[in-house]
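Trainee: What follows is work_13.txt, compact mmCIF, C-alpha atoms (C1' of nucleotides).
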# COMPACT_ATOMS: atom_id res chain seq x y z
CA MET G 160 -37.98 44.84 -13.03
CA SER G 161 -38.03 42.26 -10.29
CA ARG G 162 -38.51 43.24 -6.70
CA ASP G 163 -34.96 42.22 -5.82
CA ALA G 164 -33.50 44.19 -8.70
CA GLU G 165 -35.45 47.20 -7.50
CA ILE G 166 -34.13 46.82 -3.97
CA VAL G 167 -30.60 46.42 -5.21
CA GLN G 168 -30.93 49.52 -7.35
CA ARG G 169 -32.17 51.56 -4.41
CA LEU G 170 -29.47 50.33 -2.07
CA GLN G 171 -26.88 51.00 -4.72
CA ALA G 172 -28.23 54.50 -5.23
CA LEU G 173 -27.74 55.17 -1.53
CA ALA G 174 -24.32 53.52 -1.41
CA GLU G 175 -22.30 56.47 -2.61
CA ILE G 176 -20.99 59.31 -0.52
CA THR G 177 -22.15 62.15 -2.76
CA ARG G 178 -25.63 60.70 -3.19
CA LEU G 179 -25.92 60.03 0.53
CA GLY G 180 -25.13 63.69 1.01
CA ILE G 181 -27.80 64.67 -1.49
CA VAL G 182 -30.41 62.52 0.22
CA ARG G 183 -29.41 63.89 3.59
CA ARG G 184 -29.75 67.40 2.25
CA LEU G 185 -33.11 66.73 0.65
CA ALA G 186 -34.36 65.22 3.88
CA SER G 187 -34.82 68.74 5.19
CA GLY G 188 -36.69 69.93 2.14
CA GLU G 189 -36.78 70.61 -1.55
CA ARG G 190 -33.64 71.95 -3.21
CA CYS G 191 -32.60 72.97 -6.68
CA VAL G 192 -29.36 71.76 -8.21
CA CYS G 193 -27.62 75.06 -7.65
CA ASP G 194 -28.38 74.82 -3.92
CA LEU G 195 -26.91 71.35 -3.72
CA GLN G 196 -23.96 72.51 -5.75
CA SER G 197 -22.97 75.07 -3.17
CA ASP G 198 -23.97 72.89 -0.22
CA LEU G 199 -21.98 69.87 -1.28
CA GLY G 200 -19.20 71.59 -3.18
CA ALA G 201 -19.74 69.40 -6.20
CA SER G 202 -19.64 70.38 -9.83
CA GLN G 203 -22.88 70.83 -11.73
CA SER G 204 -22.11 67.93 -14.04
CA ARG G 205 -21.33 65.64 -11.15
CA LEU G 206 -24.52 66.51 -9.31
CA SER G 207 -26.62 66.00 -12.40
CA PHE G 208 -25.11 62.55 -12.79
CA HIS G 209 -25.92 61.53 -9.23
CA LEU G 210 -29.39 63.08 -9.24
CA LYS G 211 -30.16 61.03 -12.31
CA LYS G 212 -29.16 57.86 -10.48
CA LEU G 213 -31.28 58.72 -7.46
CA LYS G 214 -34.23 59.56 -9.66
CA ALA G 215 -33.88 56.33 -11.66
CA ALA G 216 -33.92 54.43 -8.37
CA GLY G 217 -37.13 56.19 -7.42
CA LEU G 218 -35.60 57.79 -4.35
CA ILE G 219 -36.15 61.37 -5.44
CA VAL G 220 -38.55 63.23 -7.69
CA ASP G 221 -38.02 66.44 -9.60
CA ARG G 222 -40.21 69.44 -10.19
CA PRO G 223 -39.09 71.73 -13.00
CA GLU G 224 -40.04 75.34 -12.43
CA GLY G 225 -38.85 78.01 -14.79
CA ARG G 226 -35.11 77.83 -15.12
CA TRP G 227 -34.76 75.64 -12.08
CA VAL G 228 -35.37 72.01 -11.29
CA TYR G 229 -36.30 71.27 -7.71
CA TYR G 230 -35.60 67.87 -6.22
CA ARG G 231 -37.10 66.26 -3.15
CA LEU G 232 -37.29 62.83 -1.55
CA ALA G 233 -39.92 60.51 -2.92
CA PRO G 234 -42.29 59.85 -0.02
CA GLY G 235 -42.17 56.40 1.53
CA VAL G 236 -39.34 54.99 -0.50
CA LEU G 237 -36.69 55.24 2.18
CA ASP G 238 -39.06 53.57 4.61
CA ASP G 239 -39.66 50.88 2.05
CA VAL G 240 -35.94 50.16 1.94
CA ARG G 241 -35.90 50.14 5.71
CA GLY G 242 -38.70 47.63 5.68
CA ILE G 243 -36.71 45.28 3.51
CA LEU G 244 -33.73 45.40 5.84
CA GLY G 245 -36.07 44.94 8.77
CA ALA G 246 -37.49 41.79 7.23
CA LEU G 247 -33.95 40.49 6.86
CA SER G 248 -32.75 41.18 10.35
CA HIS G 249 -35.99 40.03 11.88
CA GLU G 250 -35.45 36.32 11.48
CA VAL G 251 -32.06 36.42 13.13
CA ASP G 252 -33.67 36.70 16.54
CA GLU G 253 -34.60 33.06 16.68
CA TRP G 254 -31.22 31.87 15.59
CA ASP G 255 -30.08 28.46 16.73
CA HIS G 256 -26.38 27.80 16.84
CA ASN G 257 -26.63 24.48 15.01
CA THR G 258 -29.83 24.74 13.06
CA GLY G 259 -28.63 22.89 10.01
CA SER G 260 -25.86 20.52 9.21
CA CYS G 261 -23.28 21.30 6.60
CA CYS G 262 -23.54 20.20 2.98
CA GLY G 263 -27.01 18.79 3.24
CA GLY G 264 -26.58 16.42 6.07
CA ASP G 265 -25.12 13.00 6.49
CA GLU G 266 -22.00 13.50 4.45
CA CYS G 267 -20.12 15.93 6.65
CA MET T 354 -12.78 55.18 8.64
CA SER T 355 -15.38 57.89 8.90
CA ARG T 356 -18.91 57.13 9.90
CA ASP T 357 -20.20 58.02 6.45
CA ALA T 358 -17.65 55.84 4.72
CA GLU T 359 -18.70 52.98 6.96
CA ILE T 360 -22.36 53.48 6.08
CA VAL T 361 -21.57 53.66 2.39
CA GLN T 362 -19.54 50.47 2.62
CA ARG T 363 -22.39 48.66 4.32
CA LEU T 364 -25.01 49.87 1.88
CA GLN T 365 -22.73 48.95 -0.98
CA ALA T 366 -22.22 45.50 0.46
CA LEU T 367 -25.98 44.99 0.49
CA ALA T 368 -26.46 46.48 -2.97
CA GLU T 369 -25.65 43.38 -4.97
CA ILE T 370 -28.01 40.59 -5.85
CA THR T 371 -25.74 37.71 -4.84
CA ARG T 372 -24.82 39.30 -1.53
CA LEU T 373 -28.44 40.16 -0.80
CA GLY T 374 -29.17 36.48 -1.33
CA ILE T 375 -26.39 35.52 1.05
CA VAL T 376 -27.66 37.86 3.74
CA ARG T 377 -31.18 36.62 3.25
CA ARG T 378 -29.95 33.05 3.59
CA LEU T 379 -27.90 33.82 6.68
CA ALA T 380 -30.89 35.52 8.26
CA SER T 381 -32.28 32.10 9.04
CA GLY T 382 -29.07 30.84 10.59
CA GLU T 383 -25.42 30.01 10.26
CA ARG T 384 -24.20 28.44 7.01
CA CYS T 385 -20.93 27.18 5.62
CA VAL T 386 -19.77 28.17 2.16
CA CYS T 387 -20.67 24.81 0.67
CA ASP T 388 -24.25 25.25 1.87
CA LEU T 389 -24.52 28.67 0.27
CA GLN T 390 -22.90 27.30 -2.83
CA SER T 391 -25.69 24.79 -3.39
CA ASP T 392 -28.41 27.15 -2.14
CA LEU T 393 -27.50 30.03 -4.40
CA GLY T 394 -26.04 28.09 -7.29
CA ALA T 395 -22.88 30.17 -7.24
CA SER T 396 -19.33 29.01 -7.75
CA GLN T 397 -17.05 28.66 -4.76
CA SER T 398 -14.75 31.41 -5.96
CA ARG T 399 -17.64 33.78 -6.50
CA LEU T 400 -19.09 33.14 -3.07
CA SER T 401 -15.75 33.63 -1.39
CA PHE T 402 -15.43 36.96 -3.13
CA HIS T 403 -18.82 38.18 -1.94
CA LEU T 404 -18.43 36.81 1.57
CA LYS T 405 -15.20 38.75 1.83
CA LYS T 406 -17.02 41.94 0.91
CA LEU T 407 -19.77 41.33 3.43
CA LYS T 408 -17.25 40.54 6.12
CA ALA T 409 -15.19 43.64 5.34
CA ALA T 410 -18.36 45.69 5.70
CA GLY T 411 -18.97 44.15 9.09
CA LEU T 412 -22.27 42.61 8.06
CA ILE T 413 -21.26 39.02 8.67
CA VAL T 414 -18.80 37.17 10.86
CA ASP T 415 -17.11 33.86 10.28
CA ARG T 416 -16.38 30.93 12.53
CA PRO T 417 -13.79 28.46 11.22
CA GLU T 418 -14.33 24.93 12.41
CA GLY T 419 -12.24 22.16 11.04
CA ARG T 420 -12.39 22.13 7.32
CA TRP T 421 -15.41 24.41 7.24
CA VAL T 422 -15.99 28.09 7.76
CA TYR T 423 -19.41 29.04 9.07
CA TYR T 424 -20.82 32.46 8.37
CA ARG T 425 -23.61 34.28 10.15
CA LEU T 426 -25.04 37.80 10.34
CA ALA T 427 -23.25 40.17 12.65
CA PRO T 428 -25.78 41.08 15.32
CA GLY T 429 -27.19 44.59 15.23
CA VAL T 430 -25.49 45.76 12.09
CA LEU T 431 -28.51 45.53 9.83
CA ASP T 432 -30.51 47.41 12.39
CA ASP T 433 -27.79 50.01 12.51
CA VAL T 434 -28.13 50.55 8.77
CA ARG T 435 -31.87 50.74 9.22
CA GLY T 436 -31.38 53.38 11.87
CA ILE T 437 -29.38 55.53 9.48
CA LEU T 438 -32.09 55.38 6.84
CA GLY T 439 -34.67 56.11 9.50
CA ALA T 440 -32.83 59.23 10.55
CA LEU T 441 -32.83 60.37 6.94
CA SER T 442 -36.49 59.81 6.22
CA HIS T 443 -37.57 61.22 9.54
CA GLU T 444 -37.06 64.86 8.77
CA VAL T 445 -39.13 64.72 5.60
CA ASP T 446 -42.33 64.80 7.65
CA GLU T 447 -42.12 68.48 8.34
CA TRP T 448 -41.50 69.42 4.78
CA ASP T 449 -42.59 72.83 3.61
CA HIS T 450 -43.20 73.32 -0.06
CA ASN T 451 -41.21 76.53 -0.26
CA THR T 452 -38.89 76.34 2.68
CA GLY T 453 -35.91 78.00 1.10
CA SER T 454 -35.29 80.21 -1.85
CA CYS T 455 -33.04 79.07 -4.62
CA CYS T 456 -29.38 80.00 -4.86
CA GLY T 457 -29.16 81.65 -1.51
CA GLY T 458 -31.90 84.16 -1.81
CA ASP T 459 -32.26 87.52 -3.41
CA GLU T 460 -30.72 86.70 -6.74
CA CYS T 461 -33.29 84.29 -8.12
C1' DC Q 736 2.08 9.22 3.65
C1' DC Q 737 -1.31 10.10 0.11
C1' DA Q 738 -5.70 11.59 -1.64
C1' DA Q 739 -9.88 14.23 -1.23
C1' DT Q 740 -12.39 18.16 0.47
C1' DT Q 741 -13.17 23.04 1.98
C1' DG Q 742 -12.33 27.54 1.15
C1' DA Q 743 -9.09 31.59 0.27
C1' DT Q 744 -6.44 33.84 -3.21
C1' DC Q 745 -4.63 35.06 -7.66
C1' DA Q 746 -4.44 36.66 -12.63
C1' DA Q 747 -7.03 37.99 -16.42
C1' DC Q 748 -10.87 39.68 -18.39
C1' DA Q 749 -15.30 42.24 -19.27
C1' DC Q 750 -18.17 45.57 -17.66
C1' DA Q 751 -19.98 49.27 -14.55
C1' DT Q 752 -19.23 53.51 -12.22
C1' DG Q 753 -17.66 58.24 -11.17
C1' DT Q 754 -15.13 62.44 -12.69
C1' DT Q 755 -13.92 66.27 -15.69
C1' DG Q 756 -14.51 69.55 -19.26
C1' DA Q 757 -17.19 70.83 -23.23
C1' DT Q 758 -21.56 71.36 -25.60
C1' DG Q 759 -26.45 72.25 -26.13
C1' DG Q 760 -31.12 73.55 -24.95
C1' DG Q 761 -34.73 75.87 -22.48
C1' DA Q 762 -36.19 79.85 -19.62
C1' DG Q 763 -35.94 84.51 -18.20
C1' DA Q 764 -33.75 89.37 -18.20
C1' DG Q 765 -32.33 93.41 -20.73
C1' DC X 831 -33.36 89.22 -30.28
C1' DT X 832 -29.36 88.50 -27.46
C1' DC X 833 -27.21 87.32 -23.42
C1' DT X 834 -27.09 84.95 -19.20
C1' DC X 835 -28.30 81.45 -16.03
C1' DC X 836 -29.66 76.59 -14.83
C1' DC X 837 -29.38 72.12 -15.96
C1' DA X 838 -28.94 67.80 -18.85
C1' DT X 839 -26.00 65.33 -21.76
C1' DC X 840 -21.91 63.85 -24.06
C1' DA X 841 -17.07 61.99 -24.84
C1' DA X 842 -13.04 60.52 -22.71
C1' DC X 843 -10.70 58.82 -19.12
C1' DA X 844 -9.45 56.41 -14.74
C1' DT X 845 -10.92 53.39 -11.36
C1' DG X 846 -13.87 49.90 -9.18
C1' DT X 847 -16.48 45.64 -9.41
C1' DG X 848 -17.83 40.91 -10.50
C1' DT X 849 -16.76 36.53 -12.96
C1' DT X 850 -14.05 32.53 -14.32
C1' DG X 851 -10.56 29.16 -13.96
C1' DA X 852 -6.33 27.86 -11.72
C1' DT X 853 -3.56 27.36 -7.72
C1' DC X 854 -2.57 26.90 -2.84
C1' DA X 855 -3.01 25.97 2.22
C1' DA X 856 -5.25 23.55 5.80
C1' DT X 857 -7.90 19.75 7.41
C1' DT X 858 -9.59 15.13 7.38
C1' DG X 859 -9.86 10.30 6.13
C1' DG X 860 -7.87 6.03 4.21
Mind converting the file's structure to structure tokens?

Mentor:
Amino acid sequence: MSRDAEIVQRLQALAEITRLGIVRRLASGERCVCDLQSDLGASQSRLSFHLKKLKAAGLIVDRPEGRWVYYRLAPGVLDDVRGILGALSHEVDEWDHNTGSCCGGDEC
Amino acid sequence: MSRDAEIVQRLQALAEITRLGIVRRLASGERCVCDLQSDLGASQSRLSFHLKKLKAAGLIVDRPEGRWVYYRLAPGVLDDVRGILGALSHEVDEWDHNTGSCCGGDEC
DNA sequence: CCAATTGATCAACACATGTTGATGGGAGAG
DNA sequence: CTCTCCCATCAACATGTGTTGATCAATTGG
């Protein structure tokens, strides 16, 4: 998978209200699905669907233990995403109002 | 629109390969649609569609001038998104392996 | 005025995504 | 073993998203 596809997948994983809630919840520590279920008021099936997305994007990791499966944030991944956005917004500082001409130059 | 919905909309706007390319391109300065068209090799209709999404999310702003419409990054918005992600990943530092019990406590 | 250019918008289509309710499987309790 | 709990998975459905090709409005140039 290309780097860009990976970034897109991670951003997309975060770009959903339920999953954002899950990530926010996991930010304070490991939780099992049943915890998230009561915290977020979401059905078990729905949570499982979203956890799968987050896991596929590498944002969370699971730890099965007995009957339960504990989820937590994958270390460093959120900061990695932040780094990408930082690299994007960084160049805008030295922005010149008329850096380039339209349509490649002399024609416009 | 709630704060969370706004964040989701912005993340979602970034979570697409064409739009990520647009943002990356605009990071180095203002561009008109015809510039992006040749840079990204995308059709005019497709670009217009994605630019509309980015604009609706508040990530870019437009500046009509004559026949052309110039787009550029909205200042501060990318950093705002970064700030959100930073707030999320921040709490994970003080993570305790067994912070909470499952399912609210005494039952598991 | 007429023609060309830029870009927004539309309809139509294919495909992806999120939800619900049901089913199944593994682990532990009785 | 049987029953229950936790969780993943599935089918079915509704909705959202991205693409193409056509059309339209506004601007500019001849």

Trainee: By how many Å are CA of Ser355 in chain T and CA of Arg378 in chain T apart?

Mentor: 29.3 Å

Trainee: Rounded to one decimal, what separation in Å do you get between CA of Leu206 in chain G and C1' of DC840 in chain X?

Mentor: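 Going from CA of Leu206 in chain G over to C1' of DC840 in chain X covers 15.2 Å.
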
Trainee: Calculated over only C-alpha atoms, which of the candidates G:Met160, G:Ala186, G:Leu199, G:Gly242 has the smallest distance to chain T?

Mentor: G:Ala186

Trainee: Pull out every residue of chain Q sitting within 8 Å of chain T, counting only C-alpha atoms (C1' of nucleotides), and send them as a list of chain:residue names.

Mentor: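 That gives Q:DT740, Q:DT741, Q:DG742, Q:DA743 for chain Q.
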
Trainee: Could I get the residues of chain X with an atom no further than 12 Å from an atom of chain T, each paired with its nearest atom pair and that distance in Å to one decimal, using all atoms listed in the file, sorted by chain and residue number, as a Markdown table?

Mentor:
| residue | atom | partner | partner_atom | distance |
| --- | --- | --- | --- | --- |
| X:DC835 | C1' | T:Cys461 | CA | 9.8 |
| X:DC836 | C1' | T:Cys456 | CA | 10.5 |
| X:DT847 | C1' | T:Glu369 | CA | 10.4 |
| X:DG848 | C1' | T:Arg399 | CA | 8.2 |
| X:DT849 | C1' | T:Arg399 | CA | 7.1 |
| X:DT850 | C1' | T:Ser398 | CA | 8.5 |
| X:DG851 | C1' | T:Ser398 | CA | 9.3 |
| X:DA852 | C1' | T:Ser398 | CA | 10.8 |
| X:DA855 | C1' | T:Arg420 | CA | 11.3 |
| X:DA856 | C1' | T:Arg420 | CA | 7.4 |
| X:DT857 | C1' | T:Arg420 | CA | 5.1 |
| X:DT858 | C1' | T:Arg420 | CA | 7.5 |

Trainee: Could you write those residues out with C-alpha atoms (C1' of nucleotides), as a PDB file, in the coordinates of the input?

Mentor:
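The result, written out as out-v4.pdb:
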ATOM      1  C1'  DC X 835     -28.300  81.450 -16.030  1.00  0.00           C
ATOM      2  C1'  DC X 836     -29.660  76.590 -14.830  1.00  0.00           C
ATOM      3  C1'  DT X 847     -16.480  45.640  -9.410  1.00  0.00           C
ATOM      4  C1'  DG X 848     -17.830  40.910 -10.500  1.00  0.00           C
ATOM      5  C1'  DT X 849     -16.760  36.530 -12.960  1.00  0.00           C
ATOM      6  C1'  DT X 850     -14.050  32.530 -14.320  1.00  0.00           C
ATOM      7  C1'  DG X 851     -10.560  29.160 -13.960  1.00  0.00           C
ATOM      8  C1'  DA X 852      -6.330  27.860 -11.720  1.00  0.00           C
ATOM      9  C1'  DA X 855      -3.010  25.970   2.220  1.00  0.00           C
ATOM     10  C1'  DA X 856      -5.250  23.550   5.800  1.00  0.00           C
ATOM     11  C1'  DT X 857      -7.900  19.750   7.410  1.00  0.00           C
ATOM     12  C1'  DT X 858      -9.590  15.130   7.380  1.00  0.00           C
TER      13       DT X 858
END

Trainee: Nearest to chain G: which of T:Ala410, T:Arg363, T:Ala368, T:Leu379 is it, counting all atoms listed in the file?

Mentor: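 Ranked by minimum distance to chain G, first place goes to T:Ala368.
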
Trainee: At what distance in Å, to one decimal, does CA of Glu359 in chain T lie from CA of Gly188 in chain G?

Mentor: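 These atoms are spaced 25.2 Å apart.
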
Trainee: Would you compute the box with edges along x, y and z of the file around range 363-379 of chain T, including every atom the file lists for it and 4 Å extra on each side, and give its centre and edge lengths in Å to one decimal, as lines of an AutoDock Vina configuration file?

Mentor:
center_x = -26.7
center_y = 41.5
center_z = 0.4
size_x = 17.0
size_y = 24.8
size_z = 20.5

Trainee: With all atoms listed in the file counted, which protein, DNA or RNA residues have an atom no more than 10 Å from (-31.2, 64.9, 6.7) in the file frame? Please answer as a ChimeraX atom specification.

Mentor: /G:179-188 /T:437-445
